[in-house]
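J.: Contents are PDB, C-alpha atoms; file name target08.pdb:
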ATOM      1  CA  MET E 983      -1.891  98.082 244.311  1.00  0.00           C
ATOM      2  CA  GLU E 984       1.268  97.091 246.175  1.00  0.00           C
ATOM      3  CA  LYS E 985       3.024  96.385 242.881  1.00  0.00           C
ATOM      4  CA  ARG E 986       2.035  99.798 241.549  1.00  0.00           C
ATOM      5  CA  ILE E 987       3.379 101.509 244.680  1.00  0.00           C
ATOM      6  CA  GLN E 988       6.680  99.643 244.371  1.00  0.00           C
ATOM      7  CA  SER E 989       6.901 100.625 240.705  1.00  0.00           C
ATOM      8  CA  LEU E 990       6.268 104.268 241.586  1.00  0.00           C
ATOM      9  CA  ILE E 991       8.924 104.257 244.303  1.00  0.00           C
ATOM     10  CA  PHE E 992      11.417 102.661 241.916  1.00  0.00           C
ATOM     11  CA  ARG E 993      10.722 105.323 239.250  1.00  0.00           C
ATOM     12  CA  LEU E 994      10.992 108.131 241.783  1.00  0.00           C
ATOM     13  CA  ARG E 995      14.296 106.788 243.089  1.00  0.00           C
ATOM     14  CA  CYS E 996      15.656 106.473 239.545  1.00  0.00           C
ATOM     15  CA  GLU E 997      14.634 110.056 238.854  1.00  0.00           C
ATOM     16  CA  SER E 998      16.329 111.186 242.087  1.00  0.00           C
ATOM     17  CA  VAL E 999      19.535 109.420 241.077  1.00  0.00           C
ATOM     18  CA  LEU E1000      19.306 111.045 237.659  1.00  0.00           C
ATOM     19  CA  GLY E1001      18.910 114.448 239.331  1.00  0.00           C
ATOM     20  CA  TRP E1002      21.976 113.817 241.481  1.00  0.00           C
ATOM     21  CA  ALA E1003      23.863 112.692 238.373  1.00  0.00           C
ATOM     22  CA  VAL E1004      23.043 116.017 236.688  1.00  0.00           C
ATOM     23  CA  VAL E1005      24.348 117.885 239.736  1.00  0.00           C
ATOM     24  CA  ILE E1006      27.531 115.789 239.770  1.00  0.00           C
ATOM     25  CA  VAL E1007      28.071 116.384 236.033  1.00  0.00           C
ATOM     26  CA  VAL E1008      27.722 120.154 236.529  1.00  0.00           C
ATOM     27  CA  PHE E1009      30.208 120.002 239.406  1.00  0.00           C
ATOM     28  CA  VAL E1010      32.683 117.940 237.361  1.00  0.00           C
ATOM     29  CA  LEU E1011      32.337 120.360 234.438  1.00  0.00           C
ATOM     30  CA  GLY E1012      33.300 123.144 236.815  1.00  0.00           C
ATOM     31  CA  LYS E1013      36.233 121.197 238.214  1.00  0.00           C
ATOM     32  CA  VAL E1014      37.686 120.372 234.788  1.00  0.00           C
ATOM     33  CA  GLY E1015      37.332 123.972 233.608  1.00  0.00           C
ATOM     34  CA  VAL E1016      34.451 123.707 231.146  1.00  0.00           C
ATOM     35  CA  ILE E1017      32.673 126.248 233.333  1.00  0.00           C
ATOM     36  CA  GLU E1018      35.125 129.132 233.498  1.00  0.00           C
ATOM     37  CA  ASN E1019      36.492 129.231 237.018  1.00  0.00           C
ATOM     38  CA  GLY E1020      36.746 132.741 238.398  1.00  0.00           C
ATOM     39  CA  SER E1021      35.332 134.399 235.287  1.00  0.00           C
ATOM     40  CA  ILE E1022      33.626 136.998 237.491  1.00  0.00           C
ATOM     41  CA  ALA E1023      36.087 139.290 239.249  1.00  0.00           C
ATOM     42  CA  PRO E1024      36.192 139.104 243.045  1.00  0.00           C
ATOM     43  CA  ASN E1025      34.564 141.943 244.989  1.00  0.00           C
ATOM     44  CA  SER E1026      32.859 143.254 241.867  1.00  0.00           C
ATOM     45  CA  HIS E1027      29.296 144.302 241.234  1.00  0.00           C
ATOM     46  CA  ASP E1028      28.775 141.209 239.063  1.00  0.00           C
ATOM     47  CA  GLU E1029      29.883 138.932 241.889  1.00  0.00           C
ATOM     48  CA  PHE E1030      27.494 140.669 244.267  1.00  0.00           C
ATOM     49  CA  VAL E1031      24.610 140.281 241.818  1.00  0.00           C
ATOM     50  CA  MET E1032      25.420 136.602 241.259  1.00  0.00           C
ATOM     51  CA  ASN E1033      25.548 135.944 245.005  1.00  0.00           C
ATOM     52  CA  VAL E1034      22.239 137.734 245.551  1.00  0.00           C
ATOM     53  CA  ILE E1035      20.647 135.669 242.782  1.00  0.00           C
ATOM     54  CA  CYS E1036      22.004 132.480 244.394  1.00  0.00           C
ATOM     55  CA  VAL E1037      20.614 133.344 247.801  1.00  0.00           C
ATOM     56  CA  MET E1038      17.279 134.560 246.463  1.00  0.00           C
ATOM     57  CA  SER E1039      16.826 131.513 244.234  1.00  0.00           C
ATOM     58  CA  THR E1040      17.547 129.258 247.203  1.00  0.00           C
ATOM     59  CA  LEU E1041      15.171 131.185 249.446  1.00  0.00           C
ATOM     60  CA  LEU E1042      12.388 131.327 246.848  1.00  0.00           C
ATOM     61  CA  VAL E1043      12.641 128.318 244.534  1.00  0.00           C
ATOM     62  CA  LEU E1044      13.259 125.591 247.115  1.00  0.00           C
ATOM     63  CA  PRO E1045      10.330 126.486 249.407  1.00  0.00           C
ATOM     64  CA  LEU E1046       8.179 127.116 246.321  1.00  0.00           C
ATOM     65  CA  ALA E1047       8.951 123.620 245.020  1.00  0.00           C
ATOM     66  CA  MET E1048       8.060 122.087 248.373  1.00  0.00           C
ATOM     67  CA  LYS E1049       4.856 124.120 248.720  1.00  0.00           C
ATOM     68  CA  LEU E1050       3.724 123.407 245.147  1.00  0.00           C
ATOM     69  CA  PHE E1051       4.139 119.704 245.786  1.00  0.00           C
ATOM     70  CA  LEU E1052       2.212 119.895 249.050  1.00  0.00           C
ATOM     71  CA  LEU E1053      -0.632 121.980 247.652  1.00  0.00           C
ATOM     72  CA  ASN E1054      -1.071 119.982 244.474  1.00  0.00           C
ATOM     73  CA  THR E1055      -0.924 116.584 246.141  1.00  0.00           C
ATOM     74  CA  THR E1056      -3.441 117.400 248.866  1.00  0.00           C
ATOM     75  CA  LYS E1057      -5.889 119.871 247.374  1.00  0.00           C
ATOM     76  CA  SER E1058      -7.618 117.984 244.568  1.00  0.00           C
ATOM     77  CA  LEU E1059      -7.631 114.428 245.893  1.00  0.00           C
ATOM     78  CA  ARG E1060     -11.391 114.180 246.288  1.00  0.00           C
ATOM     79  CA  ARG E1061     -11.990 113.528 242.628  1.00  0.00           C
ATOM     80  CA  MET E1062      -9.216 110.944 242.106  1.00  0.00           C
ATOM     81  CA  ASN E1063      -9.010 107.207 242.415  1.00  0.00           C
ATOM     82  CA  HIS E1064      -5.804 105.468 243.557  1.00  0.00           C
ATOM     83  CA  ASP E1065      -4.240 105.163 240.111  1.00  0.00           C
ATOM     84  CA  GLU E1066      -4.872 108.792 239.276  1.00  0.00           C
ATOM     85  CA  ALA E1067      -3.569 109.837 242.694  1.00  0.00           C
ATOM     86  CA  LEU E1068      -0.334 107.883 242.185  1.00  0.00           C
ATOM     87  CA  ASP E1069       0.151 109.418 238.734  1.00  0.00           C
ATOM     88  CA  PHE E1070      -0.493 112.857 240.174  1.00  0.00           C
ATOM     89  CA  TYR E1071       1.989 112.192 242.992  1.00  0.00           C
ATOM     90  CA  HIS E1072       4.591 111.122 240.458  1.00  0.00           C
ATOM     91  CA  ALA E1073       4.087 114.172 238.258  1.00  0.00           C
ATOM     92  CA  TRP E1074       4.421 116.647 241.114  1.00  0.00           C
ATOM     93  CA  SER E1075       7.408 114.787 242.540  1.00  0.00           C
ATOM     94  CA  ALA E1076       9.094 115.220 239.158  1.00  0.00           C
ATOM     95  CA  VAL E1077       8.239 118.944 239.079  1.00  0.00           C
ATOM     96  CA  ARG E1078       9.658 119.364 242.580  1.00  0.00           C
ATOM     97  CA  LEU E1079      12.839 117.503 241.658  1.00  0.00           C
ATOM     98  CA  VAL E1080      13.372 119.526 238.473  1.00  0.00           C
ATOM     99  CA  LEU E1081      13.000 122.825 240.332  1.00  0.00           C
ATOM    100  CA  VAL E1082      15.426 121.755 243.048  1.00  0.00           C
ATOM    101  CA  VAL E1083      18.004 120.377 240.590  1.00  0.00           C
ATOM    102  CA  LEU E1084      17.858 123.549 238.477  1.00  0.00           C
ATOM    103  CA  CYS E1085      18.447 125.648 241.575  1.00  0.00           C
ATOM    104  CA  ILE E1086      21.367 123.462 242.682  1.00  0.00           C
ATOM    105  CA  GLY E1087      22.880 123.498 239.188  1.00  0.00           C
ATOM    106  CA  PHE E1088      22.691 127.286 238.961  1.00  0.00           C
ATOM    107  CA  ASN E1089      24.270 127.653 242.396  1.00  0.00           C
ATOM    108  CA  ILE E1090      27.154 125.354 241.438  1.00  0.00           C
ATOM    109  CA  VAL E1091      27.745 127.303 238.211  1.00  0.00           C
ATOM    110  CA  ALA E1092      27.710 130.535 240.217  1.00  0.00           C
ATOM    111  CA  TYR E1093      30.230 129.057 242.655  1.00  0.00           C
ATOM    112  CA  PHE E1094      32.675 128.234 239.897  1.00  0.00           C
ATOM    113  CA  MET E1095      32.193 131.551 238.120  1.00  0.00           C
ATOM    114  CA  THR E1096      32.698 133.646 241.260  1.00  0.00           C
ATOM    115  CA  GLN E1097      34.890 131.322 243.322  1.00  0.00           C
ATOM    116  CA  ASN E1098      32.807 132.491 246.287  1.00  0.00           C
ATOM    117  CA  LEU E1099      31.371 129.985 248.754  1.00  0.00           C
ATOM    118  CA  THR E1100      27.895 131.515 248.672  1.00  0.00           C
ATOM    119  CA  GLY E1101      26.897 129.491 245.614  1.00  0.00           C
ATOM    120  CA  LEU E1102      28.325 126.298 247.065  1.00  0.00           C
ATOM    121  CA  LEU E1103      26.530 126.755 250.388  1.00  0.00           C
ATOM    122  CA  CYS E1104      23.249 127.402 248.598  1.00  0.00           C
ATOM    123  CA  ALA E1105      23.834 124.243 246.529  1.00  0.00           C
ATOM    124  CA  VAL E1106      24.405 122.241 249.717  1.00  0.00           C
ATOM    125  CA  ILE E1107      21.076 123.499 251.061  1.00  0.00           C
ATOM    126  CA  GLY E1108      19.423 122.248 247.864  1.00  0.00           C
ATOM    127  CA  ILE E1109      21.148 118.877 248.183  1.00  0.00           C
ATOM    128  CA  CYS E1110      19.771 118.580 251.713  1.00  0.00           C
ATOM    129  CA  ILE E1111      16.297 119.224 250.288  1.00  0.00           C
ATOM    130  CA  THR E1112      16.755 116.375 247.785  1.00  0.00           C
ATOM    131  CA  VAL E1113      17.688 114.039 250.629  1.00  0.00           C
ATOM    132  CA  TYR E1114      14.537 115.103 252.475  1.00  0.00           C
ATOM    133  CA  CYS E1115      12.466 114.449 249.336  1.00  0.00           C
ATOM    134  CA  LEU E1116      13.728 110.903 248.808  1.00  0.00           C
ATOM    135  CA  PRO E1117      10.740 108.680 248.066  1.00  0.00           C
ATOM    136  CA  THR E1118       9.847 106.047 250.611  1.00  0.00           C
ATOM    137  CA  LYS E1119       7.052 103.544 250.791  1.00  0.00           C
ATOM    138  CA  GLN E1120       5.757 105.153 253.978  1.00  0.00           C
ATOM    139  CA  LYS E1121       5.362 108.561 252.304  1.00  0.00           C
ATOM    140  CA  VAL E1122       3.349 107.056 249.449  1.00  0.00           C
ATOM    141  CA  VAL E1123       1.221 104.954 251.819  1.00  0.00           C
ATOM    142  CA  ASP E1124       0.489 108.019 253.954  1.00  0.00           C
ATOM    143  CA  TYR E1125      -0.483 109.899 250.816  1.00  0.00           C
ATOM    144  CA  LEU E1126      -2.858 107.111 249.781  1.00  0.00           C
ATOM    145  CA  GLU E1127      -4.418 107.087 253.249  1.00  0.00           C
ATOM    146  CA  VAL E1128      -5.360 110.712 252.696  1.00  0.00           C
ATOM    147  CA  VAL E1129      -6.934 109.677 249.384  1.00  0.00           C
ATOM    148  CA  ASN E1130      -8.815 106.847 251.158  1.00  0.00           C
ATOM    149  CA  ASN E1131     -10.094 109.181 253.855  1.00  0.00           C
ATOM    150  CA  ASP E1132     -11.331 111.644 251.254  1.00  0.00           C
ATOM    151  CA  LEU E1133     -13.068 108.858 249.309  1.00  0.00           C
ATOM    152  CA  VAL E1134     -14.775 107.528 252.461  1.00  0.00           C
ATOM    153  CA  ASN E1135     -15.911 111.002 253.535  1.00  0.00           C
ATOM    154  CA  GLN E1136     -17.685 111.671 250.255  1.00  0.00           C
TER     155      GLN E1136
END
Output the structure of this file as structure tokens.

T.:
Amino acid sequence: MEKRIQSLIFRLRCESVLGWAVVIVVFVLGKVGVIENGSIAPNSHDEFVMNVICVMSTLLVLPLAMKLFLLNTTKSLRRMNHDEALDFYHAWSAVRLVLVVLCIGFNIVAYFMTQNLTGLLCAVIGICITVYCLPTKQKVVDYLEVVNNDLVNQ
């Protein structure tokens, strides 16, 4: 079981690094001009709409990703063994990471298109979420303890 936990943590960390790499690539694309810098006029209606979308996506998608992970990794544990629980944990960790990385990527693109700090600040909030979601052995062990308690209580 210990080997399986270590393997899961390694995969989750690799996926986190891949997510950060995607964010860095999007940022570099903006810096080199592939994403048109300032393509949306300052103080325009389009800039306002883009900033509202950035803020709303940050306020909705990031908590939604966290809540989906929490609900789906705690609600249906009673009918799972350890291997199934670890697979389930991995799948929902990947879903959470994809949602967060998509939100960060959109916010970075919005920053470069508007040249307004709103998108960048929203992206930084998303990056902080990814740091919070870094996989650790203790998080997985705590998760498995919940599975054990549910199995014993049946």

J.: The PyMOL selection byres ((chain E and resi 1077) around 12) - which residues does that actually catch in the file I just gave you? List them as a ChimeraX atom specification.

T.: /E:994,997-998,1001,1043-1044,1046-1052,1054-1055,1070-1076,1078-1084,1115

J.: Within 7 Å of E:Gly1012, counting all atoms listed in the file, which residues show up once you throw out same-chain ones fewer than 5 positions away? Write them as a list in words, please.

T.: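 Here the qualifying residues turn out to be Ile1017, Asn1019 and Phe1094 of chain E.
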
J.: Apply the PyMOL selection byres ((chain E and resi 1037) around 12) to the structure shown and report the selected residues as number ranges by chain.

T.: E: 1030-1036, 1038-1044, 1085-1086, 1088-1089, 1092-1093, 1099-1108

J.: Please determine, counting only C-alpha atoms, which residue among E:Lys1013, E:His1064, E:His1027, E:Arg995 has the shortest atom-to-atom distance to E:Leu1116.

T.: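 Once distances to E:Leu1116 are computed over only C-alpha atoms, the minimum belongs to E:Arg995.
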
J.: Could you work out how far atom CA of E:Pro1117 lies from atom CA of E:Val1091, giving the answer in Å with one decimal?

T.: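 So the answer is 27.1 Å.
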
J.: Please, what distance in Å, to one decimal, runs between atom CA of E:Tyr1114 and atom CA of E:Asp1069?

T.: 20.7 Å

J.: For the provided coordinates, the residues matched by the PyMOL selection byres ((chain E and resi 1022) around 6) should be stated as a PyMOL selection string.

T.: chain E and resi 1020-1021+1023+1095-1096

J.: Given the choices E:Asn1098, E:Leu1068, E:Lys1119, E:Arg986, which gets closest to E:Pro1024 if the distance is worked out from only C-alpha atoms?

T.: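 Smallest separation from E:Pro1024 among the options: E:Asn1098.
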
J.: Using all atoms listed in the file, which of E:Tyr1125, E:Trp1002, E:Glu1018, E:Glu984 sits nearest E:Cys1110?

T.: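 The shortest atom-to-atom distance to E:Cys1110 comes from E:Trp1002.
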
J.: Please produce stretch 1113-1124 of chain E, completed to all heavy atoms, as a short mmCIF file (atom, residue, chain, number, x, y, z; two decimals), in the frame of the given file.

T.:
data_model
loop_
_atom_site.label_atom_id
_atom_site.label_comp_id
_atom_site.auth_asym_id
_atom_site.auth_seq_id
_atom_site.Cartn_x
_atom_site.Cartn_y
_atom_site.Cartn_z
N VAL E 1113 17.64 115.17 249.70
CA VAL E 1113 17.69 114.04 250.63
C VAL E 1113 16.37 113.94 251.39
O VAL E 1113 15.84 112.85 251.60
CB VAL E 1113 18.89 114.18 251.59
CG1 VAL E 1113 18.84 113.14 252.69
CG2 VAL E 1113 20.19 114.06 250.81
N TYR E 1114 15.82 115.08 251.78
CA TYR E 1114 14.54 115.10 252.48
C TYR E 1114 13.42 114.57 251.58
O TYR E 1114 12.47 113.95 252.05
CB TYR E 1114 14.22 116.53 252.93
CG TYR E 1114 12.84 116.69 253.49
CD1 TYR E 1114 12.52 116.23 254.76
CD2 TYR E 1114 11.84 117.30 252.73
CE1 TYR E 1114 11.23 116.38 255.26
CE2 TYR E 1114 10.56 117.44 253.23
CZ TYR E 1114 10.27 116.99 254.50
OH TYR E 1114 8.99 117.14 254.98
N CYS E 1115 13.52 114.82 250.28
CA CYS E 1115 12.47 114.45 249.34
C CYS E 1115 12.61 113.03 248.79
O CYS E 1115 11.87 112.64 247.89
CB CYS E 1115 12.44 115.43 248.17
SG CYS E 1115 11.99 117.09 248.64
N LEU E 1116 13.57 112.27 249.29
CA LEU E 1116 13.73 110.90 248.81
C LEU E 1116 12.43 110.13 249.00
O LEU E 1116 11.81 110.19 250.06
CB LEU E 1116 14.85 110.19 249.55
CG LEU E 1116 16.26 110.53 249.12
CD1 LEU E 1116 17.27 109.82 250.02
CD2 LEU E 1116 16.49 110.15 247.68
N PRO E 1117 12.01 109.41 247.97
CA PRO E 1117 10.74 108.68 248.07
C PRO E 1117 10.88 107.44 248.95
O PRO E 1117 11.88 106.72 248.89
CB PRO E 1117 10.46 108.29 246.62
CG PRO E 1117 11.80 108.25 245.97
CD PRO E 1117 12.62 109.30 246.67
N THR E 1118 9.91 107.25 249.79
CA THR E 1118 9.85 106.05 250.61
C THR E 1118 8.44 105.46 250.51
O THR E 1118 7.49 106.16 250.16
CB THR E 1118 10.15 106.34 252.10
OG1 THR E 1118 9.16 107.24 252.60
CG2 THR E 1118 11.54 106.94 252.27
N LYS E 1119 8.35 104.21 250.84
CA LYS E 1119 7.05 103.54 250.79
C LYS E 1119 6.09 104.18 251.79
O LYS E 1119 4.91 104.37 251.50
CB LYS E 1119 7.22 102.06 251.08
CG LYS E 1119 5.93 101.30 250.98
CD LYS E 1119 6.15 99.82 251.20
CE LYS E 1119 4.81 99.11 251.10
NZ LYS E 1119 4.97 97.67 251.26
N GLN E 1120 6.61 104.57 252.95
CA GLN E 1120 5.76 105.15 253.98
C GLN E 1120 5.14 106.47 253.52
O GLN E 1120 3.97 106.74 253.78
CB GLN E 1120 6.56 105.37 255.27
CG GLN E 1120 5.70 105.78 256.44
CD GLN E 1120 4.63 104.75 256.77
OE1 GLN E 1120 4.90 103.55 256.78
NE2 GLN E 1120 3.42 105.20 257.02
N LYS E 1121 5.90 107.30 252.81
CA LYS E 1121 5.36 108.56 252.30
C LYS E 1121 4.22 108.32 251.32
O LYS E 1121 3.20 109.00 251.37
CB LYS E 1121 6.46 109.39 251.63
CG LYS E 1121 7.47 109.97 252.59
CD LYS E 1121 8.53 110.75 251.84
CE LYS E 1121 9.62 111.23 252.76
NZ LYS E 1121 10.69 111.93 252.05
N VAL E 1122 4.39 107.35 250.44
CA VAL E 1122 3.35 107.06 249.45
C VAL E 1122 2.13 106.45 250.13
O VAL E 1122 0.99 106.80 249.81
CB VAL E 1122 3.90 106.13 248.35
CG1 VAL E 1122 2.80 105.72 247.39
CG2 VAL E 1122 5.03 106.81 247.60
N VAL E 1123 2.34 105.56 251.10
CA VAL E 1123 1.22 104.95 251.82
C VAL E 1123 0.45 106.02 252.60
O VAL E 1123 -0.79 106.03 252.60
CB VAL E 1123 1.72 103.82 252.75
CG1 VAL E 1123 0.64 103.37 253.71
CG2 VAL E 1123 2.23 102.66 251.92
N ASP E 1124 1.16 106.93 253.25
CA ASP E 1124 0.49 108.02 253.95
C ASP E 1124 -0.33 108.87 252.99
O ASP E 1124 -1.43 109.30 253.31
CB ASP E 1124 1.50 108.89 254.70
CG ASP E 1124 2.14 108.18 255.87
OD1 ASP E 1124 1.62 107.13 256.31
OD2 ASP E 1124 3.18 108.67 256.35
#
